[in-house]
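Everything below belongs to structure06.txt, which stores compact mmCIF, C-alpha atoms.
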```txt
# COMPACT_ATOMS: atom_id res chain seq x y z
CA ASP A 470 23.79 -13.06 -18.30
CA ALA A 471 27.23 -12.83 -19.87
CA GLY A 472 28.92 -14.17 -16.77
CA VAL A 473 31.82 -12.60 -14.96
CA ILE A 474 33.68 -10.34 -17.36
CA GLN A 475 37.34 -9.56 -16.95
CA SER A 476 39.50 -7.23 -18.95
CA PRO A 477 41.97 -7.24 -20.44
CA ARG A 478 42.36 -10.94 -21.28
CA HIS A 479 46.10 -10.50 -21.69
CA GLU A 480 48.48 -7.86 -20.45
CA VAL A 481 52.19 -7.57 -21.07
CA THR A 482 53.94 -4.74 -19.31
CA GLU A 483 57.38 -3.63 -18.32
CA MET A 484 58.60 -3.89 -14.79
CA GLY A 485 57.76 -0.79 -12.81
CA GLN A 486 54.62 0.08 -14.74
CA GLU A 487 51.19 0.30 -13.18
CA VAL A 488 48.75 -2.46 -14.08
CA THR A 489 45.00 -2.30 -13.61
CA LEU A 490 42.82 -5.38 -13.97
CA ARG A 491 39.07 -5.01 -14.24
CA CYS A 492 36.14 -7.17 -13.32
CA LYS A 493 32.41 -6.97 -13.83
CA PRO A 494 30.59 -9.48 -11.64
CA ILE A 495 27.33 -11.16 -12.54
CA SER A 496 24.40 -8.85 -11.93
CA GLY A 497 22.79 -9.55 -8.56
CA HIS A 498 25.88 -11.16 -7.09
CA ASN A 499 27.08 -9.37 -3.99
CA SER A 500 30.30 -11.22 -3.23
CA LEU A 501 33.38 -10.72 -5.38
CA PHE A 502 36.74 -12.46 -5.19
CA TRP A 503 40.14 -11.86 -6.74
CA TYR A 504 42.41 -14.89 -7.14
CA ARG A 505 45.90 -15.30 -8.50
CA GLN A 506 47.01 -18.53 -10.13
CA THR A 507 50.62 -19.55 -10.70
CA MET A 508 52.34 -22.84 -11.28
CA MET A 509 54.31 -22.52 -8.09
CA ARG A 510 51.59 -21.39 -5.70
CA GLY A 511 48.40 -22.65 -7.28
CA LEU A 512 45.21 -20.69 -6.75
CA GLU A 513 45.50 -18.00 -4.08
CA LEU A 514 42.71 -15.82 -2.75
CA LEU A 515 43.92 -12.24 -2.74
CA ILE A 516 40.89 -10.36 -1.48
CA TYR A 517 37.14 -10.61 -1.36
CA PHE A 518 34.29 -8.16 -1.05
CA ASN A 519 30.78 -8.48 0.30
CA ASN A 520 28.38 -5.73 -0.78
CA ASN A 521 31.31 -3.71 -2.13
CA VAL A 522 33.12 -3.78 1.21
CA PRO A 523 36.51 -5.53 1.48
CA ILE A 524 36.11 -8.31 4.02
CA ASP A 525 39.44 -10.09 3.93
CA ASP A 526 42.54 -8.80 2.17
CA SER A 527 45.01 -11.00 4.03
CA GLY A 528 45.97 -12.67 0.78
CA MET A 529 47.17 -9.48 -0.85
CA PRO A 530 50.91 -10.08 -1.22
CA GLU A 531 52.17 -6.60 -0.45
CA ASP A 532 51.40 -2.91 -0.56
CA ARG A 533 51.97 -2.78 -4.28
CA PHE A 534 48.63 -4.53 -4.65
CA SER A 535 45.35 -2.74 -4.07
CA ALA A 536 41.75 -3.52 -4.93
CA LYS A 537 38.62 -1.43 -5.06
CA MET A 538 34.96 -2.01 -5.61
CA PRO A 539 33.33 1.38 -6.10
CA ASN A 540 29.96 -0.12 -6.93
CA ALA A 541 28.20 -3.46 -7.24
CA SER A 542 29.06 -3.89 -10.88
CA PHE A 543 32.76 -3.11 -11.04
CA SER A 544 36.01 -3.93 -9.30
CA THR A 545 39.66 -3.26 -10.02
CA LEU A 546 42.89 -4.87 -8.93
CA LYS A 547 45.88 -2.60 -9.27
CA ILE A 548 49.57 -3.40 -9.07
CA GLN A 549 51.91 -0.45 -8.76
CA PRO A 550 54.76 -0.84 -9.47
CA SER A 551 54.62 -4.22 -11.18
CA GLU A 552 57.41 -6.77 -10.90
CA PRO A 553 58.22 -9.90 -12.95
CA ARG A 554 57.15 -12.13 -10.05
CA ASP A 555 53.64 -10.73 -10.39
CA SER A 556 53.28 -12.61 -13.66
CA ALA A 557 50.29 -14.91 -13.25
CA VAL A 558 46.71 -15.42 -14.27
CA TYR A 559 44.36 -13.30 -12.21
CA PHE A 560 40.80 -14.53 -11.83
CA CYS A 561 37.79 -12.66 -10.63
CA ALA A 562 34.80 -14.58 -9.30
CA SER A 563 31.41 -13.57 -8.00
CA ARG A 564 28.76 -15.25 -5.91
CA ARG A 565 25.21 -14.49 -4.93
CA GLY A 566 25.03 -13.90 -1.18
CA THR A 567 27.08 -15.64 1.47
CA GLY A 568 24.91 -18.72 1.75
CA ASP A 569 24.55 -21.82 -0.31
CA THR A 570 25.83 -20.71 -3.66
CA GLU A 571 28.82 -21.41 -5.82
CA ALA A 572 31.26 -18.93 -7.27
CA PHE A 573 31.35 -18.19 -10.96
CA PHE A 574 34.71 -17.37 -12.44
CA GLY A 575 35.73 -15.00 -15.17
CA GLN A 576 38.03 -15.99 -18.00
CA GLY A 577 41.01 -14.52 -16.21
CA THR A 578 43.66 -11.98 -17.13
CA ARG A 579 47.04 -13.37 -18.05
CA LEU A 580 49.61 -10.85 -16.82
CA THR A 581 53.21 -10.95 -17.95
CA VAL A 582 55.64 -8.48 -16.45
CA VAL A 583 58.95 -8.32 -18.32
CA ALA B 933 41.52 -21.00 9.94
CA GLN B 934 40.09 -23.22 7.27
CA SER B 935 42.31 -25.10 4.87
CA VAL B 936 41.93 -27.59 2.07
CA SER B 937 44.35 -30.37 1.26
CA GLN B 938 44.45 -32.24 -2.02
CA HIS B 939 46.73 -35.21 -1.68
CA ASN B 940 47.60 -35.84 -5.28
CA HIS B 941 49.39 -33.16 -7.24
CA HIS B 942 49.51 -35.02 -10.51
CA VAL B 943 47.61 -38.12 -11.55
CA ILE B 944 48.19 -39.96 -14.80
CA LEU B 945 45.64 -42.53 -15.96
CA SER B 946 44.77 -44.43 -19.09
CA GLU B 947 41.36 -44.06 -20.65
CA ALA B 948 38.65 -46.16 -18.97
CA ALA B 949 40.55 -46.27 -15.69
CA SER B 950 38.74 -45.28 -12.53
CA LEU B 951 39.53 -42.03 -10.81
CA GLU B 952 39.52 -40.92 -7.21
CA LEU B 953 40.97 -37.58 -6.13
CA GLY B 954 41.33 -36.94 -2.44
CA CYS B 955 40.24 -33.78 -0.65
CA ASN B 956 40.34 -33.09 3.06
CA TYR B 957 39.44 -29.87 4.78
CA SER B 958 39.90 -28.46 8.22
CA TYR B 959 37.07 -26.42 9.61
CA GLY B 960 34.71 -27.35 12.37
CA GLY B 961 31.73 -25.28 11.36
CA THR B 962 29.16 -25.55 8.63
CA VAL B 963 30.70 -25.81 5.21
CA ASN B 964 29.66 -26.14 1.65
CA LEU B 965 31.95 -28.18 -0.56
CA PHE B 966 32.76 -27.89 -4.23
CA TRP B 967 34.81 -29.42 -6.97
CA TYR B 968 35.85 -27.18 -9.84
CA VAL B 969 37.55 -28.17 -13.07
CA GLN B 970 39.89 -26.04 -15.15
CA TYR B 971 40.52 -27.26 -18.69
CA PRO B 972 43.76 -26.10 -20.31
CA GLY B 973 43.66 -22.41 -20.99
CA GLN B 974 40.20 -21.94 -19.53
CA HIS B 975 38.65 -20.62 -16.35
CA LEU B 976 37.37 -22.64 -13.45
CA GLN B 977 33.99 -24.28 -13.87
CA LEU B 978 31.84 -25.99 -11.28
CA LEU B 979 31.74 -29.79 -11.44
CA LEU B 980 29.56 -30.47 -8.43
CA LYS B 981 28.67 -29.15 -5.02
CA TYR B 982 27.46 -30.35 -1.65
CA PHE B 983 25.31 -28.18 0.59
CA SER B 984 23.24 -30.62 2.62
CA GLY B 985 21.28 -33.84 2.37
CA ASP B 986 22.56 -36.90 0.55
CA PRO B 987 26.33 -36.97 1.08
CA LEU B 988 26.83 -38.60 -2.32
CA VAL B 989 26.49 -35.90 -4.93
CA LYS B 990 26.52 -36.32 -8.67
CA GLY B 991 27.87 -33.70 -10.98
CA ILE B 992 28.37 -33.17 -14.65
CA LYS B 993 30.23 -35.48 -17.02
CA GLY B 994 29.80 -38.55 -14.83
CA PHE B 995 31.65 -37.19 -11.81
CA GLU B 996 30.50 -37.76 -8.27
CA ALA B 997 31.80 -36.96 -4.81
CA GLU B 998 31.10 -38.25 -1.35
CA PHE B 999 31.06 -36.08 1.74
CA ILE B 1000 32.24 -37.98 4.81
CA LYS B 1001 31.81 -35.61 7.71
CA SER B 1002 33.69 -37.77 10.22
CA LYS B 1003 36.73 -37.77 7.96
CA PHE B 1004 36.41 -34.14 6.82
CA SER B 1005 36.70 -35.47 3.31
CA PHE B 1006 35.06 -34.82 -0.03
CA ASN B 1007 36.71 -37.13 -2.56
CA LEU B 1008 35.96 -36.87 -6.25
CA ARG B 1009 35.33 -40.03 -8.27
CA LYS B 1010 34.64 -41.13 -11.80
CA PRO B 1011 34.29 -44.80 -12.78
CA SER B 1012 35.81 -44.46 -16.23
CA VAL B 1013 37.84 -41.45 -17.34
CA GLN B 1014 38.14 -40.12 -20.85
CA TRP B 1015 40.93 -38.27 -22.60
CA SER B 1016 38.76 -35.14 -22.47
CA ASP B 1017 38.88 -35.24 -18.66
CA THR B 1018 42.48 -34.05 -18.81
CA ALA B 1019 42.39 -30.92 -16.68
CA GLU B 1020 43.19 -29.50 -13.29
CA TYR B 1021 40.74 -30.21 -10.50
CA PHE B 1022 40.23 -28.00 -7.47
CA CYS B 1023 38.45 -28.82 -4.26
CA ALA B 1024 36.98 -25.84 -2.40
CA VAL B 1025 35.38 -25.22 0.95
CA LEU B 1026 33.00 -22.39 1.68
CA ASN B 1027 32.77 -21.18 5.25
CA THR B 1028 29.11 -20.24 5.27
CA ASN B 1029 29.49 -17.91 8.23
CA ALA B 1030 32.31 -15.83 6.82
CA GLY B 1031 31.36 -16.26 3.18
CA LYS B 1032 34.94 -17.14 2.36
CA SER B 1033 35.97 -19.89 -0.03
CA THR B 1034 39.29 -21.69 0.29
CA PHE B 1035 40.68 -23.71 -2.57
CA GLY B 1036 43.06 -26.63 -2.51
CA ASP B 1037 46.27 -26.54 -4.51
CA GLY B 1038 44.70 -28.50 -7.33
CA THR B 1039 45.33 -31.90 -8.88
CA THR B 1040 46.42 -32.16 -12.48
CA LEU B 1041 44.84 -35.13 -14.20
CA THR B 1042 46.38 -36.42 -17.41
CA VAL B 1043 44.44 -39.11 -19.25
CA LYS B 1044 46.39 -41.02 -21.86
CA PRO B 1045 44.40 -42.04 -24.93
```
I'd like the structure from this file rewritten - as structure tokens, please.
Amino acid sequence: DAGVIQSPRHEVTEMGQEVTLRCKPISGHNSLFWYRQTMMRGLELLIYFNNNVPIDDSGMPEDRFSAKMPNASFSTLKIQPSEPRDSAVYFCASRRGTGDTEAFFGQGTRLTVV
Amino acid sequence: AQSVSQHNHHVILSEAASLELGCNYSYGGTVNLFWYVQYPGQHLQLLLKYFSGDPLVKGIKGFEAEFIKSKFSFNLRKPSVQWSDTAEYFCAVLNTNAGKSTFGDGTTLTVKP
């Protein structure tokens, strides 16, 4: 398996533009997580899905952020409109089941909003 | 709510020194515990994990961690660090009931050659 695949790897956008980050989890994994990593706040869980259903989105910073998982092999994290403070590395991770398994992380998307 | 606390934000060591990174969690239920490592510019990778059984777990690259249930701790250790261990280390707790993982703030380890 190729692992968790995120795209794009880098994104630079102007303030106010819409940004869409994509994630393909490992096949057979039914839990998916979106994290944001910054120097100031470390690694924050934004939202996670079990079987394509959002379970906990309490980490989503505000209404500008939204995430979807239309099927088991694809998820998006959208920021609209983007702001400079959204600049961070966004990681997607997936895990098999909710039991005794570890999460596997993607390479991350480095977002810069100017 | 579960939380994870890593006591050291930045640790600087010389090569061959011994390492211990602290991790404490707060959650009364059944948990699985993990240590992840993030090398500069890379994604998080699993170092080791504890699910059950022997509380002393051994991971890759000579790392080990000990789960002490009474102290809610899962400290990471390595007897002799190398320059290549320079990275950020994250402790994580998985609430097995909710399926939710919580990460600590991370500890940056710098090993001087």
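In this comparison, which uses all atoms listed in the file, the residue of B:Leu980, B:Leu953, B:Leu945, B:Val963 approaching Thr1028 in chain B most closely is B:Val963.
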- Non-local contacts of Ile495 in chain A (7 Å; all atoms listed in the file; under 6 positions in same chain excluded) as a PyMOL selection string: chain A and resi 472-473+563
Using only C-alpha atoms, please write the residues we just selected to a file, as a CSV table (one decimal), in the frame of the given file.
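Result file is selection13.csv:
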```
chain,number,residue,atom,x,y,z
A,472,GLY,CA,28.9,-14.2,-16.8
A,473,VAL,CA,31.8,-12.6,-15.0
A,563,SER,CA,31.4,-13.6,-8.0
```
Could you make a table, as a Markdown table, of the residues of chain A that have an atom within 8 Å of an atom of chain B, each with its nearest atom pair and distance in Å to one decimal, counting only C-alpha atoms, in chain and number order?
```
| residue | atom | partner | partner_atom | distance |
| --- | --- | --- | --- | --- |
| A:Arg510 | CA | B:Asp1037 | CA | 7.5 |
| A:Gly511 | CA | B:Asp1037 | CA | 5.2 |
| A:Leu512 | CA | B:Asp1037 | CA | 6.4 |
| A:Glu513 | CA | B:Phe1035 | CA | 7.6 |
| A:Leu514 | CA | B:Thr1034 | CA | 7.4 |
| A:Tyr517 | CA | B:Lys1032 | CA | 7.8 |
| A:Phe560 | CA | B:His975 | CA | 7.9 |
| A:Thr567 | CA | B:Gly1031 | CA | 4.7 |
| A:Gly568 | CA | B:Thr1028 | CA | 5.7 |
| A:Asp569 | CA | B:Phe983 | CA | 6.5 |
| A:Glu571 | CA | B:Leu978 | CA | 7.7 |
| A:Phe573 | CA | B:Gln977 | CA | 7.2 |
| A:Phe574 | CA | B:Leu976 | CA | 6.0 |
| A:Gly575 | CA | B:His975 | CA | 6.4 |
| A:Gln576 | CA | B:His975 | CA | 5.0 |
| A:Gly577 | CA | B:His975 | CA | 6.5 |
```
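Between CA of Leu515 in chain A and CA of Ser496 in chain A there is a distance of 21.8 Å.
For the residues A:Trp503, A:Arg565, A:Gln549, A:Ser556, ranking by smallest atom-to-atom distance to Asn520 in chain A using all atoms listed in the file places A:Arg565 first.
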